[in-house]
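Here's the structure, in structure tokens; my notes come after.
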Amino acid sequence: MREMLVDSYGRVVSYLRVSVTDRCNLRCVYCLPASHRPPFLSNDNLTDLELARLAALFAELGVSKIRVTGGEPLLRPGVPDLVRRLAGIGGIDDLSLSTNGLLLGGMAQDLAQAGLKRVNISLDSLNPDKFRQVTRYGDLEAVLAGIDAALAAGLSPVKLNVVVARGMNEEEIGDFVRLTEDRPLHVRLIELMPMGETGFFSQERWMPLPEMMEKASPLQELPRDAWPLGHGPARYYRRPGALGTVGFVSALSRGFCSSCNRLRLTAGGLLVPCLDAAEGTDLRAPLRRGADAGEIRRLVLETVQRKPERHTLLERASSLSPNPRLMCQIGG
Ligand code: SAM
């Protein structure tokens with residue numbers, strides 16, 4: 001029988017974000033330092049079998065939603081096989097993936113066949129030169145091909161994650177909104193967060209939600225039943241007559257901790273109770289020394305009890321002291 005994971009504030013935890021690699025083929029200015037070198041020991045990462053065992057255990061504990069993320073998850077060898085394993089676990093009824101889209105063109109079909117339902121693609125500029133500046137290495141054409149391939153493979157919804165920062169891409173908000181008009185693309189405008197010691201976050205660059213919304217107008221607010229699947233913390237709007245939607249995700253201006261239903265698992269098997277948490281619980285060591293399901297379950301329950309009431313990103317933003325953990329380590 002399925003149980004329920006309930007934290008000490010009464011929130012039900014039903015969503016696991018799994019980072020499957022720390023590696024990334026981009027160095028987005030707000031996410032990773034240019035000099036970042038990930039550890040290359042691939043046996044530090046949980047194997048497909050270990051991930052599937054943990055995912056099944058989480059499903060028994062009431063987790064119904066899994067997002068595969070990273071680093072860049074499509075860099076992990078054999079990721080469609082991993083997706084197939086996760087998709088086959090009873091109780092997981094929403095399996096999604098976050099990617100920068102660079103490799104998606106050649107993989108979307110395989111991923112859909114493996115059981116992936118939907119995808120979020122990160123894209124911060126529609127201008128090739130600007131895109132390269134923001135990502136340091138990215139090829140915009142490849143990401144656009146990835147978006148086409150995702151739609152052609154029937155992944156739905158296809159969401160585009162756009163981190164908005166002043167002086168980076170604020171003038172493109174209108175262009176992103178227009179992308180939703182003719183195709184079923186769901187653009188999510190995301191507030192910059194003080195994560196990782198990248199030197200990027202500042203009060204000047206941080207564009208609070210009301211300003212983003214003003215630049216995206218005119219928009220009509222959508223009733224909840226018209227929001228795209230897996231809406232999480234976003235609120236959704238639409239340009240009149242558009243096929244897609246525009247969502248806003250704002251961890252700072254309009255925090256969503258009171259409804260947080262998430263846990264995060266790093267590629268190395270650390271279970272983290274909050275994006276902003278200083279510590280987590282190592283599940284890899286017990287798995288590798290043969291811990292039984294009961295022991296792992298106890299560790300998960302203890303971690304859920306340590307979920308803080310709220311993150312401290314607002315305080316970090318005003319004191320300009322970002323959480324030292326990089327987004328690619330914790331899975332975004
Ligand atoms: N490589 C995948 C991708 O690009 O989607 C998954 C990992 S990436 C760390 C996940 C998401 O975190 C991306 O949409 C990225 O833009 C977002 N992100 C990274 N650093 C951020 C920050 N400081 N503030 C807000 N979002 C951030």
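Simple scheme: letters A, B, ... for chains in structure tokens order, numbers from 1 for residues in each chain, numbers from 1 for ligands in the order shown.
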DSSP-assigned strand (DSSP E or B) among segment 255-308 of chain A, expressed as a list in words: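 Of segment 255-308 of chain A, the ones in strand (DSSP E or B) are Arg262, Leu263, Arg264, Leu265, Leu270, Leu271, Val272, Thr281 and Asp282 of chain A.
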With N, CA and C atoms retained, could you export that selection as a PDB file, in the first residue's frame?
```pdb
ATOM      1  N   ARG A 262       8.545  19.192  -2.762  1.00  0.00           N
ATOM      2  CA  ARG A 262       9.719  18.639  -3.435  1.00  0.00           C
ATOM      3  C   ARG A 262      10.809  18.108  -2.525  1.00  0.00           C
ATOM      4  N   LEU A 263      11.495  17.119  -3.069  1.00  0.00           N
ATOM      5  CA  LEU A 263      12.793  16.698  -2.545  1.00  0.00           C
ATOM      6  C   LEU A 263      13.727  16.681  -3.738  1.00  0.00           C
ATOM      7  N   ARG A 264      15.021  16.791  -3.458  1.00  0.00           N
ATOM      8  CA  ARG A 264      15.995  16.752  -4.540  1.00  0.00           C
ATOM      9  C   ARG A 264      17.037  15.683  -4.258  1.00  0.00           C
ATOM     10  N   LEU A 265      17.391  14.947  -5.294  1.00  0.00           N
ATOM     11  CA  LEU A 265      18.422  13.921  -5.163  1.00  0.00           C
ATOM     12  C   LEU A 265      19.562  14.304  -6.095  1.00  0.00           C
ATOM     13  N   LEU A 270      22.897  12.381  -2.770  1.00  0.00           N
ATOM     14  CA  LEU A 270      22.562  13.153  -1.568  1.00  0.00           C
ATOM     15  C   LEU A 270      21.105  13.597  -1.679  1.00  0.00           C
ATOM     16  N   LEU A 271      20.316  13.268  -0.687  1.00  0.00           N
ATOM     17  CA  LEU A 271      18.906  13.673  -0.684  1.00  0.00           C
ATOM     18  C   LEU A 271      18.798  15.011   0.036  1.00  0.00           C
ATOM     19  N   VAL A 272      18.323  16.036  -0.682  1.00  0.00           N
ATOM     20  CA  VAL A 272      18.354  17.402  -0.167  1.00  0.00           C
ATOM     21  C   VAL A 272      16.910  17.884   0.044  1.00  0.00           C
ATOM     22  N   THR A 281      21.091  14.165   3.042  1.00  0.00           N
ATOM     23  CA  THR A 281      21.330  12.831   3.593  1.00  0.00           C
ATOM     24  C   THR A 281      21.932  11.956   2.509  1.00  0.00           C
ATOM     25  N   ASP A 282      23.067  11.362   2.818  1.00  0.00           N
ATOM     26  CA  ASP A 282      23.710  10.487   1.838  1.00  0.00           C
ATOM     27  C   ASP A 282      22.927   9.170   1.728  1.00  0.00           C
TER      28      ASP A 282
END
```
Nearby residues, ligand 1, 8 Å, only C-alpha atoms and all ligand atoms, as a VMD selection string: chain A and resid 19 24 26 28 30 to 32 69 to 73 98 to 101 120 to 124 161 to 163 190 to 196 201 326 to 332
Residue nearest Ser202 of chain A among A:Ala150, A:Ala278, A:Ala317, A:Val83 (counting only C-alpha atoms): A:Ala317
Every residue of segment 150-325 of chain A that DSSP places in helix (DSSP H, G or I), as JSON, numbers by chain: {"A": [150, 151, 152, 170, 171, 172, 173, 174, 175, 176, 177, 178, 179, 180, 181, 182, 209, 210, 211, 212, 213, 214, 215, 216, 224, 225, 226, 257, 258, 259, 284, 285, 286, 287, 288, 293, 294, 295, 296, 297, 298, 299, 300, 301, 302, 303, 304, 305, 313, 314, 315, 316, 317, 318, 319]}
Contacts of segment 106-118 of chain A within 12 Å, only C-alpha atoms, excl. fewer than 5 positions in-chain, as number ranges by chain: A: 65-68, 73-75, 77-89, 92-99, 101, 142-143, 145-160, 185-186, 228-231
Against segment 241-251 of chain A, which residues of segment 101-184 of chain A fall within 6 Å? For each one I want the closest pair of atoms and the distance in Å (one decimal), counting only C-alpha atoms, rows by chain and increasing residue number, as a Markdown table.
```
| residue | atom | partner | partner_atom | distance |
| --- | --- | --- | --- | --- |
| A:Thr180 | CA | A:Gly244 | CA | 4.4 |
| A:Glu181 | CA | A:Ala242 | CA | 4.0 |
| A:Asp182 | CA | A:Leu243 | CA | 5.8 |
| A:Arg183 | CA | A:Leu243 | CA | 5.5 |
| A:Pro184 | CA | A:Gly244 | CA | 4.2 |
```
Print the selection's residues with C-alpha atoms to a file, as a short mmCIF file (atom, residue, chain, number, x, y, z; two decimals), in the first residue's frame.
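As written to disk, again19.cif reads:
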```cif
data_model
loop_
_atom_site.label_atom_id
_atom_site.label_comp_id
_atom_site.auth_asym_id
_atom_site.auth_seq_id
_atom_site.Cartn_x
_atom_site.Cartn_y
_atom_site.Cartn_z
CA THR A 180 3.58 31.22 -27.53
CA GLU A 181 1.22 32.67 -30.12
CA ASP A 182 1.51 30.21 -33.03
CA ARG A 183 2.76 27.02 -31.41
CA PRO A 184 1.83 25.20 -28.21
#
```
Arg27 of chain A environment, 6 Å, only C-alpha atoms, sequence neighbours closer than 3 positions dropped, as number ranges by chain: A: 32, 34, 135-136
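Nearest-residue note for Leu219 of chain A: choosing from A:Thr312, A:Tyr237, A:Arg205, A:Phe200, the minimum distance belongs to A:Tyr237, counting only C-alpha atoms.
Once Pro208 of chain A and its same-chain neighbours fewer than 3 positions away are set aside, Glu191, Glu211, Met212 and Ser253 of chain A remain within 7 Å of it when counting only C-alpha atoms.
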Atomic distance atom CA of Pro324 of chain A - atom CA of Val119 of chain A, expressed in Å with one decimal: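 Between these atoms lies a distance of 27.5 Å.
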Atom pair atom CA of Leu314 of chain A / atom CA of Leu252 of chain A: separation (Å): 5.6 Å
Long-range neighbours of Pro218 of chain A as a VMD selection string, 9 Å cut-off, only C-alpha atoms, 6 positions minimum in chain: chain A and resid 238 to 240
Residue among A:Glu214, A:Glu309, A:Glu204, A:Asp139 lying closest to Gly174 of chain A, counting only C-alpha atoms: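 Once distances to Gly174 of chain A are computed over only C-alpha atoms, the minimum belongs to A:Glu214.
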Dump as a tab-separated table the rows for residues of segment 168-283 of chain A within 8 Å of segment 39-63 of chain A: closest atom pair and distance in Å with one decimal, only C-alpha atoms counted, ordered by chain and rising residue number.
```
residue	atom	partner	partner_atom	distance
A:Ala267	CA	A:Asn45	CA	5.1
A:Gly268	CA	A:Asn45	CA	4.5
A:Gly269	CA	A:Leu46	CA	6.1
```
Put those residues in a file: N, CA, C and O atoms, as a compact mmCIF listing (two decimals), in the first residue's frame.
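Saved result, selection_29.txt, follows:
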```txt
# COMPACT_ATOMS: atom_id res chain seq x y z
N ALA A 267 23.25 13.87 -8.14
CA ALA A 267 23.78 12.76 -8.94
C ALA A 267 24.57 11.79 -8.07
O ALA A 267 24.60 10.59 -8.32
N GLY A 268 25.19 12.32 -7.01
CA GLY A 268 25.97 11.48 -6.11
C GLY A 268 25.15 10.85 -5.00
O GLY A 268 25.71 10.22 -4.10
N GLY A 269 23.83 11.04 -5.03
CA GLY A 269 22.99 10.32 -4.07
C GLY A 269 22.71 11.05 -2.77
O GLY A 269 22.32 10.43 -1.78
```
For atom CA of Asp22 of chain A and atom CA of Arg37 of chain A, the interatomic separation in Å (one decimal):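 Taking atom CA of Asp22 of chain A as the start and atom CA of Arg37 of chain A as the end point, the length is 9.7 Å.
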Of the listed residues A:Val177, A:Leu144, A:Leu5, A:Ala165, that which approaches Gly105 of chain A most closely, counting only C-alpha atoms: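 Among the listed residues, A:Leu144 lies closest to Gly105 of chain A.
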